[in-house]
Structure formats: C-alpha cells, structure tokens
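Engineer: Okay, so here is upload22.csv, and as you'll see once you scroll down, it has CSV, N, CA, C and O atoms.
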```
chain,number,residue,atom,x,y,z
R,1,MET,N,5.8,-17.9,-3.9
R,1,MET,CA,4.5,-18.4,-4.4
R,1,MET,C,3.6,-18.5,-3.1
R,1,MET,O,4.0,-19.1,-2.1
R,2,ASP,N,2.4,-18.0,-3.2
R,2,ASP,CA,1.5,-18.1,-2.1
R,2,ASP,C,0.8,-19.5,-2.1
R,2,ASP,O,0.5,-20.1,-3.1
R,3,VAL,N,0.7,-20.0,-0.9
R,3,VAL,CA,0.1,-21.4,-0.7
R,3,VAL,C,-1.2,-21.2,0.1
R,3,VAL,O,-1.2,-20.5,1.1
R,4,LEU,N,-2.2,-21.9,-0.4
R,4,LEU,CA,-3.5,-21.9,0.3
R,4,LEU,C,-3.5,-22.9,1.4
R,4,LEU,O,-3.0,-24.1,1.2
R,5,ILE,N,-3.9,-22.5,2.6
R,5,ILE,CA,-3.9,-23.3,3.8
R,5,ILE,C,-5.2,-23.2,4.5
R,5,ILE,O,-6.0,-22.2,4.3
R,6,ALA,N,-5.5,-24.0,5.5
R,6,ALA,CA,-6.6,-23.9,6.3
R,6,ALA,C,-6.2,-24.2,7.8
R,6,ALA,O,-5.3,-25.1,8.0
R,7,ARG,N,-6.7,-23.5,8.7
R,7,ARG,CA,-6.4,-23.7,10.1
R,7,ARG,C,-7.7,-23.6,11.0
R,7,ARG,O,-8.6,-22.8,10.7
R,8,ARG,N,-7.7,-24.4,12.0
R,8,ARG,CA,-8.8,-24.3,13.0
R,8,ARG,C,-8.2,-23.8,14.3
R,8,ARG,O,-7.2,-24.4,14.7
R,9,TYR,N,-8.7,-22.8,14.9
R,9,TYR,CA,-8.2,-22.3,16.2
R,9,TYR,C,-9.3,-22.4,17.2
R,9,TYR,O,-10.5,-22.2,17.0
R,10,LEU,N,-8.8,-22.8,18.4
R,10,LEU,CA,-9.7,-22.7,19.6
R,10,LEU,C,-9.0,-21.7,20.6
R,10,LEU,O,-7.9,-21.9,21.0
R,11,VAL,N,-9.8,-20.7,20.9
R,11,VAL,CA,-9.2,-19.6,21.7
R,11,VAL,C,-9.9,-19.7,23.1
R,11,VAL,O,-11.1,-19.7,23.2
R,12,ARG,N,-9.1,-19.7,24.1
R,12,ARG,CA,-9.6,-19.8,25.5
R,12,ARG,C,-9.2,-18.6,26.3
R,12,ARG,O,-8.2,-17.9,26.0
R,13,GLY,N,-10.0,-18.3,27.3
R,13,GLY,CA,-9.8,-17.1,28.1
R,13,GLY,C,-11.1,-16.4,28.3
R,13,GLY,O,-12.2,-17.0,28.1
R,14,LEU,N,-11.0,-15.1,28.5
R,14,LEU,CA,-12.2,-14.2,28.5
R,14,LEU,C,-12.4,-13.8,27.1
R,14,LEU,O,-12.0,-12.7,26.6
R,15,VAL,N,-13.1,-14.6,26.3
R,15,VAL,CA,-13.3,-14.4,24.9
R,15,VAL,C,-14.7,-14.4,24.4
R,15,VAL,O,-15.0,-14.3,23.2
R,16,GLN,N,-15.7,-14.6,25.3
R,16,GLN,CA,-17.1,-14.5,24.9
R,16,GLN,C,-17.7,-13.3,25.6
R,16,GLN,O,-17.4,-13.0,26.8
R,17,GLY,N,-18.5,-12.6,24.9
R,17,GLY,CA,-19.2,-11.4,25.5
R,17,GLY,C,-18.3,-10.1,25.5
R,17,GLY,O,-18.6,-9.1,26.2
R,18,VAL,N,-17.2,-10.2,24.7
R,18,VAL,CA,-16.3,-9.0,24.7
R,18,VAL,C,-16.0,-8.6,23.3
R,18,VAL,O,-15.0,-7.8,23.0
R,19,GLY,N,-16.8,-9.0,22.3
R,19,GLY,CA,-16.6,-8.6,20.9
R,19,GLY,C,-15.6,-9.4,20.2
R,19,GLY,O,-15.1,-9.0,19.1
R,20,PHE,N,-15.2,-10.6,20.7
R,20,PHE,CA,-14.1,-11.4,20.0
R,20,PHE,C,-14.5,-11.9,18.7
R,20,PHE,O,-13.7,-11.8,17.7
R,21,ARG,N,-15.8,-12.3,18.5
R,21,ARG,CA,-16.2,-12.8,17.2
R,21,ARG,C,-16.2,-11.7,16.1
R,21,ARG,O,-15.8,-11.9,15.0
R,22,PHE,N,-16.6,-10.5,16.5
R,22,PHE,CA,-16.7,-9.4,15.6
R,22,PHE,C,-15.2,-8.9,15.3
R,22,PHE,O,-14.9,-8.6,14.1
R,23,PHE,N,-14.3,-8.9,16.3
R,23,PHE,CA,-12.9,-8.7,16.0
R,23,PHE,C,-12.3,-9.6,15.0
R,23,PHE,O,-11.6,-9.3,14.1
R,24,THR,N,-12.7,-10.9,15.2
R,24,THR,CA,-12.2,-12.0,14.4
R,24,THR,C,-12.7,-11.9,13.0
R,24,THR,O,-11.9,-12.0,12.0
R,25,GLU,N,-14.0,-11.5,12.8
R,25,GLU,CA,-14.6,-11.4,11.5
R,25,GLU,C,-13.9,-10.2,10.8
R,25,GLU,O,-13.5,-10.3,9.6
R,26,ALA,N,-13.6,-9.1,11.5
R,26,ALA,CA,-13.0,-8.0,10.8
R,26,ALA,C,-11.5,-8.3,10.4
R,26,ALA,O,-11.1,-7.9,9.3
R,27,ALA,N,-10.8,-9.0,11.3
R,27,ALA,CA,-9.4,-9.4,11.0
R,27,ALA,C,-9.4,-10.3,9.7
R,27,ALA,O,-8.6,-10.2,8.8
R,28,ALA,N,-10.3,-11.3,9.7
R,28,ALA,CA,-10.3,-12.3,8.6
R,28,ALA,C,-10.7,-11.5,7.3
R,28,ALA,O,-10.1,-11.8,6.2
R,29,SER,N,-11.7,-10.6,7.4
R,29,SER,CA,-12.1,-9.9,6.2
R,29,SER,C,-11.0,-9.0,5.6
R,29,SER,O,-10.7,-9.0,4.4
R,30,ARG,N,-10.2,-8.4,6.5
R,30,ARG,CA,-9.1,-7.5,6.1
R,30,ARG,C,-8.0,-8.4,5.4
R,30,ARG,O,-7.4,-7.9,4.4
R,31,GLU,N,-7.9,-9.6,5.8
R,31,GLU,CA,-6.9,-10.5,5.2
R,31,GLU,C,-7.4,-11.3,4.0
R,31,GLU,O,-6.6,-12.1,3.4
R,32,GLY,N,-8.7,-11.1,3.7
R,32,GLY,CA,-9.2,-11.9,2.5
R,32,GLY,C,-9.4,-13.3,2.8
R,32,GLY,O,-9.4,-14.2,1.9
R,33,LEU,N,-9.6,-13.7,4.1
R,33,LEU,CA,-9.8,-15.1,4.5
R,33,LEU,C,-11.2,-15.5,4.4
R,33,LEU,O,-12.1,-14.7,4.6
R,34,CYS,N,-11.5,-16.8,4.2
R,34,CYS,CA,-12.8,-17.4,4.2
R,34,CYS,C,-12.9,-18.3,5.4
R,34,CYS,O,-11.9,-18.8,6.0
R,35,GLY,N,-14.1,-18.5,5.9
R,35,GLY,CA,-14.4,-19.4,7.0
R,35,GLY,C,-15.4,-18.9,7.9
R,35,GLY,O,-16.4,-18.2,7.5
R,36,TYR,N,-15.3,-19.2,9.2
R,36,TYR,CA,-16.2,-18.8,10.2
R,36,TYR,C,-15.6,-18.7,11.6
R,36,TYR,O,-14.5,-19.2,11.8
R,37,VAL,N,-16.4,-18.0,12.5
R,37,VAL,CA,-16.0,-17.9,13.9
R,37,VAL,C,-17.3,-18.2,14.7
R,37,VAL,O,-18.4,-17.8,14.2
R,38,ARG,N,-17.2,-18.9,15.8
R,38,ARG,CA,-18.4,-19.1,16.6
R,38,ARG,C,-18.0,-19.3,18.1
R,38,ARG,O,-16.9,-19.8,18.4
R,39,ASN,N,-18.9,-19.0,19.0
R,39,ASN,CA,-18.8,-19.3,20.4
R,39,ASN,C,-19.1,-20.8,20.6
R,39,ASN,O,-20.0,-21.3,20.0
R,40,LEU,N,-18.3,-21.4,21.5
R,40,LEU,CA,-18.6,-22.8,21.9
R,40,LEU,C,-19.2,-22.8,23.3
R,40,LEU,O,-19.0,-21.9,24.1
R,41,ALA,N,-19.9,-23.9,23.6
R,41,ALA,CA,-20.6,-24.0,24.9
R,41,ALA,C,-19.6,-24.0,26.1
R,41,ALA,O,-20.0,-23.7,27.2
R,42,ASP,N,-18.4,-24.4,25.8
R,42,ASP,CA,-17.4,-24.5,26.9
R,42,ASP,C,-16.7,-23.2,27.2
R,42,ASP,O,-15.8,-23.1,28.0
R,43,GLY,N,-17.1,-22.1,26.6
R,43,GLY,CA,-16.6,-20.8,26.8
R,43,GLY,C,-15.4,-20.4,25.8
R,43,GLY,O,-15.0,-19.3,25.8
R,44,GLN,N,-15.0,-21.3,25.0
R,44,GLN,CA,-14.0,-21.0,24.0
R,44,GLN,C,-14.6,-20.4,22.7
R,44,GLN,O,-15.9,-20.4,22.6
R,45,VAL,N,-13.8,-19.8,21.9
R,45,VAL,CA,-14.2,-19.4,20.6
R,45,VAL,C,-13.5,-20.2,19.5
R,45,VAL,O,-12.3,-20.5,19.7
R,46,GLU,N,-14.2,-20.7,18.5
R,46,GLU,CA,-13.6,-21.5,17.5
R,46,GLU,C,-13.6,-20.7,16.2
R,46,GLU,O,-14.6,-20.0,15.9
R,47,ALA,N,-12.5,-20.7,15.5
R,47,ALA,CA,-12.4,-20.0,14.2
R,47,ALA,C,-11.8,-21.0,13.2
R,47,ALA,O,-10.8,-21.6,13.6
R,48,LEU,N,-12.4,-21.1,12.1
R,48,LEU,CA,-11.8,-21.8,11.0
R,48,LEU,C,-11.6,-20.9,9.8
R,48,LEU,O,-12.5,-20.2,9.4
R,49,VAL,N,-10.3,-20.9,9.3
R,49,VAL,CA,-10.0,-19.9,8.3
R,49,VAL,C,-9.3,-20.7,7.1
R,49,VAL,O,-8.6,-21.6,7.4
R,50,GLU,N,-9.5,-20.2,5.9
R,50,GLU,CA,-8.8,-20.7,4.7
R,50,GLU,C,-8.3,-19.4,4.0
R,50,GLU,O,-9.0,-18.4,3.9
R,51,GLY,N,-7.1,-19.5,3.5
R,51,GLY,CA,-6.5,-18.4,2.7
R,51,GLY,C,-5.1,-18.7,2.5
R,51,GLY,O,-4.5,-19.8,2.7
R,52,TYR,N,-4.4,-17.6,2.1
R,52,TYR,CA,-3.0,-17.7,1.8
R,52,TYR,C,-2.2,-17.7,3.1
R,52,TYR,O,-2.5,-17.0,4.1
R,53,GLU,N,-1.1,-18.4,3.1
R,53,GLU,CA,-0.3,-18.7,4.3
R,53,GLU,C,0.1,-17.4,5.0
R,53,GLU,O,0.0,-17.3,6.2
R,54,GLU,N,0.6,-16.4,4.3
R,54,GLU,CA,1.0,-15.2,5.0
R,54,GLU,C,-0.2,-14.4,5.6
R,54,GLU,O,-0.1,-13.9,6.7
R,55,ALA,N,-1.3,-14.4,5.0
R,55,ALA,CA,-2.5,-13.8,5.5
R,55,ALA,C,-3.0,-14.5,6.8
R,55,ALA,O,-3.4,-13.9,7.7
R,56,VAL,N,-3.0,-15.9,6.7
R,56,VAL,CA,-3.4,-16.7,7.9
R,56,VAL,C,-2.4,-16.4,9.1
R,56,VAL,O,-2.9,-16.3,10.2
R,57,ALA,N,-1.1,-16.2,8.8
R,57,ALA,CA,-0.2,-16.0,9.8
R,57,ALA,C,-0.4,-14.6,10.5
R,57,ALA,O,-0.4,-14.5,11.7
R,58,ARG,N,-0.8,-13.6,9.7
R,58,ARG,CA,-1.1,-12.3,10.3
R,58,ARG,C,-2.4,-12.4,11.1
R,58,ARG,O,-2.5,-11.8,12.2
R,59,PHE,N,-3.4,-13.1,10.6
R,59,PHE,CA,-4.6,-13.3,11.4
R,59,PHE,C,-4.4,-14.0,12.7
R,59,PHE,O,-4.9,-13.6,13.7
R,60,GLU,N,-3.5,-15.0,12.7
R,60,GLU,CA,-3.2,-15.8,13.9
R,60,GLU,C,-2.6,-14.9,14.9
R,60,GLU,O,-2.9,-14.9,16.1
R,61,ARG,N,-1.7,-14.0,14.5
R,61,ARG,CA,-1.1,-13.0,15.5
R,61,ARG,C,-2.1,-12.2,16.1
R,61,ARG,O,-2.1,-11.9,17.3
R,62,LEU,N,-3.1,-11.7,15.4
R,62,LEU,CA,-4.2,-10.9,15.9
R,62,LEU,C,-5.1,-11.6,16.9
R,62,LEU,O,-5.4,-11.1,17.9
R,63,ILE,N,-5.4,-12.9,16.6
R,63,ILE,CA,-6.3,-13.5,17.6
R,63,ILE,C,-5.6,-14.0,18.8
R,63,ILE,O,-6.3,-14.2,19.8
R,64,HIS,N,-4.3,-14.0,18.8
R,64,HIS,CA,-3.6,-14.2,20.1
R,64,HIS,C,-3.7,-13.0,21.0
R,64,HIS,O,-3.5,-13.1,22.2
R,65,ARG,N,-4.0,-11.9,20.5
R,65,ARG,CA,-4.2,-10.6,21.3
R,65,ARG,C,-5.7,-10.4,21.5
R,65,ARG,O,-6.1,-10.1,22.7
R,66,GLY,N,-6.5,-10.4,20.5
R,66,GLY,CA,-7.9,-10.2,20.7
R,66,GLY,C,-8.3,-8.7,20.8
R,66,GLY,O,-7.4,-7.8,20.8
R,67,PRO,N,-9.6,-8.4,21.0
R,67,PRO,CA,-10.0,-7.0,21.2
R,67,PRO,C,-9.6,-6.5,22.6
R,67,PRO,O,-9.3,-7.3,23.5
R,68,PRO,N,-9.8,-5.2,22.8
R,68,PRO,CA,-9.3,-4.6,24.1
R,68,PRO,C,-9.9,-5.3,25.4
R,68,PRO,O,-9.2,-5.4,26.4
R,69,LEU,N,-11.2,-5.7,25.3
R,69,LEU,CA,-11.8,-6.2,26.5
R,69,LEU,C,-11.5,-7.7,26.7
R,69,LEU,O,-11.9,-8.3,27.8
R,70,ALA,N,-10.9,-8.4,25.8
R,70,ALA,CA,-10.7,-9.8,25.9
R,70,ALA,C,-9.4,-10.1,26.6
R,70,ALA,O,-8.5,-9.2,26.8
R,71,ARG,N,-9.3,-11.3,27.2
R,71,ARG,CA,-8.1,-11.8,27.7
R,71,ARG,C,-7.9,-13.2,27.1
R,71,ARG,O,-8.6,-14.1,27.4
R,72,VAL,N,-6.9,-13.3,26.3
R,72,VAL,CA,-6.6,-14.6,25.6
R,72,VAL,C,-5.6,-15.4,26.5
R,72,VAL,O,-4.5,-14.9,26.7
R,73,ASP,N,-6.0,-16.5,27.0
R,73,ASP,CA,-5.1,-17.3,27.8
R,73,ASP,C,-4.4,-18.4,27.0
R,73,ASP,O,-3.3,-18.9,27.4
R,74,GLY,N,-4.9,-18.7,25.8
R,74,GLY,CA,-4.2,-19.6,25.0
R,74,GLY,C,-5.0,-19.9,23.7
R,74,GLY,O,-6.2,-19.7,23.6
R,75,VAL,N,-4.2,-20.3,22.7
R,75,VAL,CA,-4.8,-20.6,21.4
R,75,VAL,C,-4.3,-22.0,20.9
R,75,VAL,O,-3.1,-22.2,20.9
R,76,THR,N,-5.2,-22.9,20.6
R,76,THR,CA,-4.8,-24.2,20.1
R,76,THR,C,-5.0,-24.1,18.6
R,76,THR,O,-6.1,-23.6,18.1
R,77,LYS,N,-4.1,-24.6,17.8
R,77,LYS,CA,-4.1,-24.5,16.3
R,77,LYS,C,-4.1,-25.9,15.7
R,77,LYS,O,-3.3,-26.8,16.2
R,78,GLU,N,-4.9,-26.1,14.7
R,78,GLU,CA,-4.9,-27.4,14.0
R,78,GLU,C,-4.8,-27.1,12.5
R,78,GLU,O,-5.7,-26.3,12.0
R,79,GLY,N,-3.9,-27.7,11.8
R,79,GLY,CA,-3.8,-27.6,10.4
R,79,GLY,C,-4.8,-28.5,9.7
R,79,GLY,O,-5.0,-29.7,10.1
R,80,LEU,N,-5.5,-28.0,8.7
R,80,LEU,CA,-6.5,-28.8,7.9
R,80,LEU,C,-6.2,-28.6,6.4
R,80,LEU,O,-5.7,-27.6,6.0
R,81,PRO,N,-6.7,-29.6,5.6
R,81,PRO,CA,-6.6,-29.3,4.2
R,81,PRO,C,-7.6,-28.3,3.7
R,81,PRO,O,-8.8,-28.4,4.2
R,82,PRO,N,-7.3,-27.3,2.9
R,82,PRO,CA,-8.3,-26.3,2.5
R,82,PRO,C,-9.3,-27.0,1.6
R,82,PRO,O,-9.0,-27.9,0.8
R,83,THR,N,-10.6,-26.6,1.8
R,83,THR,CA,-11.7,-27.2,1.0
R,83,THR,C,-12.3,-26.3,-0.1
R,83,THR,O,-12.9,-26.8,-1.0
R,84,GLY,N,-12.1,-25.0,0.1
R,84,GLY,CA,-12.7,-24.1,-0.8
R,84,GLY,C,-14.2,-24.0,-0.7
R,84,GLY,O,-14.9,-23.4,-1.6
R,85,ARG,N,-14.8,-24.5,0.3
R,85,ARG,CA,-16.3,-24.5,0.4
R,85,ARG,C,-16.9,-23.3,1.0
R,85,ARG,O,-18.1,-23.1,1.1
R,86,PHE,N,-16.0,-22.4,1.6
R,86,PHE,CA,-16.5,-21.2,2.2
R,86,PHE,C,-16.5,-20.0,1.2
R,86,PHE,O,-15.5,-19.8,0.5
R,87,ALA,N,-17.6,-19.2,1.2
R,87,ALA,CA,-17.6,-18.0,0.4
R,87,ALA,C,-17.6,-16.9,1.3
R,87,ALA,O,-18.7,-16.5,1.9
R,88,GLY,N,-16.5,-16.3,1.6
R,88,GLY,CA,-16.4,-15.2,2.6
R,88,GLY,C,-16.2,-15.7,4.0
R,88,GLY,O,-16.0,-16.9,4.2
R,89,PHE,N,-16.4,-14.8,5.0
R,89,PHE,CA,-16.2,-15.2,6.4
R,89,PHE,C,-17.5,-14.8,7.1
R,89,PHE,O,-18.0,-13.7,6.9
R,90,ALA,N,-17.9,-15.7,8.0
R,90,ALA,CA,-19.2,-15.5,8.7
R,90,ALA,C,-19.0,-15.7,10.2
R,90,ALA,O,-18.2,-16.5,10.7
R,91,ILE,N,-19.9,-15.0,11.0
R,91,ILE,CA,-20.1,-15.3,12.4
R,91,ILE,C,-21.2,-16.2,12.5
R,91,ILE,O,-22.3,-16.0,12.0
R,92,ARG,N,-20.9,-17.4,13.1
R,92,ARG,CA,-22.0,-18.4,13.3
R,92,ARG,C,-22.5,-18.3,14.7
R,92,ARG,O,-21.8,-18.0,15.6
R,93,ARG,N,-23.7,-18.6,14.9
R,93,ARG,CA,-24.4,-18.6,16.2
R,93,ARG,C,-24.3,-20.0,16.8
R,93,ARG,O,-24.3,-21.0,16.3
```
Written as structure tokens, how would this file's structure read?

Structural biologist:
Amino acid sequence: MDVLIARRYLVRGLVQGVGFRFFTEAAASREGLCGYVRNLADGQVEALVEGYEEAVARFERLIHRGPPLARVDGVTKEGLPPTGRFAGFAIRR
C-alpha cells in the first residue's frame, strides 16, 4: 500500500546558479510529487515535497546527486505531515 508522506530538504554545496532548482522541478514532476523548491539566502536550496513514499525516495536519491554542474556537499532531511495544500510542483523565487 502506498503511503503519502512529506519531506523538507536543505541541500548545501554548489547548488545555486547551476540549474539545481530546474533539475529538482523536473525530478519532482516525473515522480508526481507536489511542493516547491527555492534558493535560500545562505546559499542552500530548500525543497519541500509531498507524495507517495517510493516516489519521494527516488526523488531524494536524485537530489543527493544534482545536475552535472552542481556539487552536493550534504542534504538535511526533515519529515513533515502531508498537508495536501500544494497543487503541483513550483519553483519559488
């Protein structure tokens, strides 16, 4: 049985200015996830996703790698209760 979950990720490294948000949006869309991704002032990228557990796990593996020009030094993950408030996945400014 598929379980709906939500996760918040903080990705650090060379992750701004290298297409990381677009990479994340494409990965989330392929997996049917809802939520958003945005750059943070401290140089990290934040992603919040909601979806089925297996799809979130596949997404998580992808953001640990990132796009070709990125260098991911670490990913912090936080489990959250799913809210169902997101319609699709968006890049936030």

Engineer: So that I can check the secondary structure, give me every residue of chain R assigned strand (DSSP E or B) by backbone DSSP, as an MDAnalysis selection string.

Structural biologist: chainID R and resid 4:14 34:39 45:52 71:80 89:92

Engineer: Between R:Gly66, R:Gly51, R:Gly43, R:Gly35, single out the one closest to R:Gly88, counting only N, CA, C and O atoms.

Structural biologist: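 Closest residue, counting only N, CA, C and O atoms: R:Gly35.
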
Engineer: Would you compute the distance between atom C of R:Ser29 and atom N of R:Thr83? Give it in Å to one decimal.

Structural biologist: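 Those two atoms sit 18.0 Å apart.
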
Engineer: Would you work out the distance separating atom O of R:Ile91 from atom O of R:Asp2, expressed in Å to one decimal?

Structural biologist: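 Atom O of R:Ile91 sits 27.7 Å away from atom O of R:Asp2.
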
Engineer: Looking at all atoms listed in the file, which of R:Glu50, R:Val15, R:Gln44, R:Gly32 is the one that sits closest to R:Pro81?

Structural biologist: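 Residue with the minimum atom-to-atom distance to R:Pro81: R:Glu50.
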
Engineer: Quick check, in Å to one decimal: how far apart do atom C of R:Asp42 and atom CA of R:Arg85 lie?

Structural biologist: 26.8 Å

Engineer: Which residue out of R:Ala87, R:Leu80, R:Val56, R:Val11 has the minimum interatomic distance to R:Leu40 when all atoms listed in the file are used?

Structural biologist: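 Of all the options, R:Val11 lies closest to R:Leu40.
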
Engineer: What parts of chain R does DSSP call alpha helix (DSSP H)? I'd like the answer as JSON, numbers by chain.

Structural biologist: {"R": [20, 21, 22, 23, 24, 25, 26, 27, 28, 29, 30, 31, 53, 54, 55, 56, 57, 58, 59, 60, 61, 62, 63, 64, 65]}

Engineer: Between R:Ala70, R:Ala90, R:Ala27, R:Ala55, which one has atoms that come closest to R:Gly13, using only C-alpha atoms?

Structural biologist: R:Ala70

Engineer: Would you kindly return, as a PyMOL selection string, each protein, DNA or RNA residue with an atom no farther than 8 Å from any atom of R:Val18, considering all atoms listed in the file and excluding same-chain residues fewer than 2 positions away?

Structural biologist: chain R and resi 14-16+20-23+66-71

Engineer: Compare R:Phe59, R:Tyr52, R:Tyr9, R:Phe89 by their minimum atom-to-atom distance to R:Glu25, counting all atoms listed in the file, and give me the closest one.

Structural biologist: R:Phe89

Engineer: Considering only N, CA, C and O atoms, can you say which of R:Glu54, R:Gly17, R:Arg12, R:Leu62 comes closest to R:Glu31?

Structural biologist: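 Counting only N, CA, C and O atoms, the residue closest to R:Glu31 is R:Glu54.
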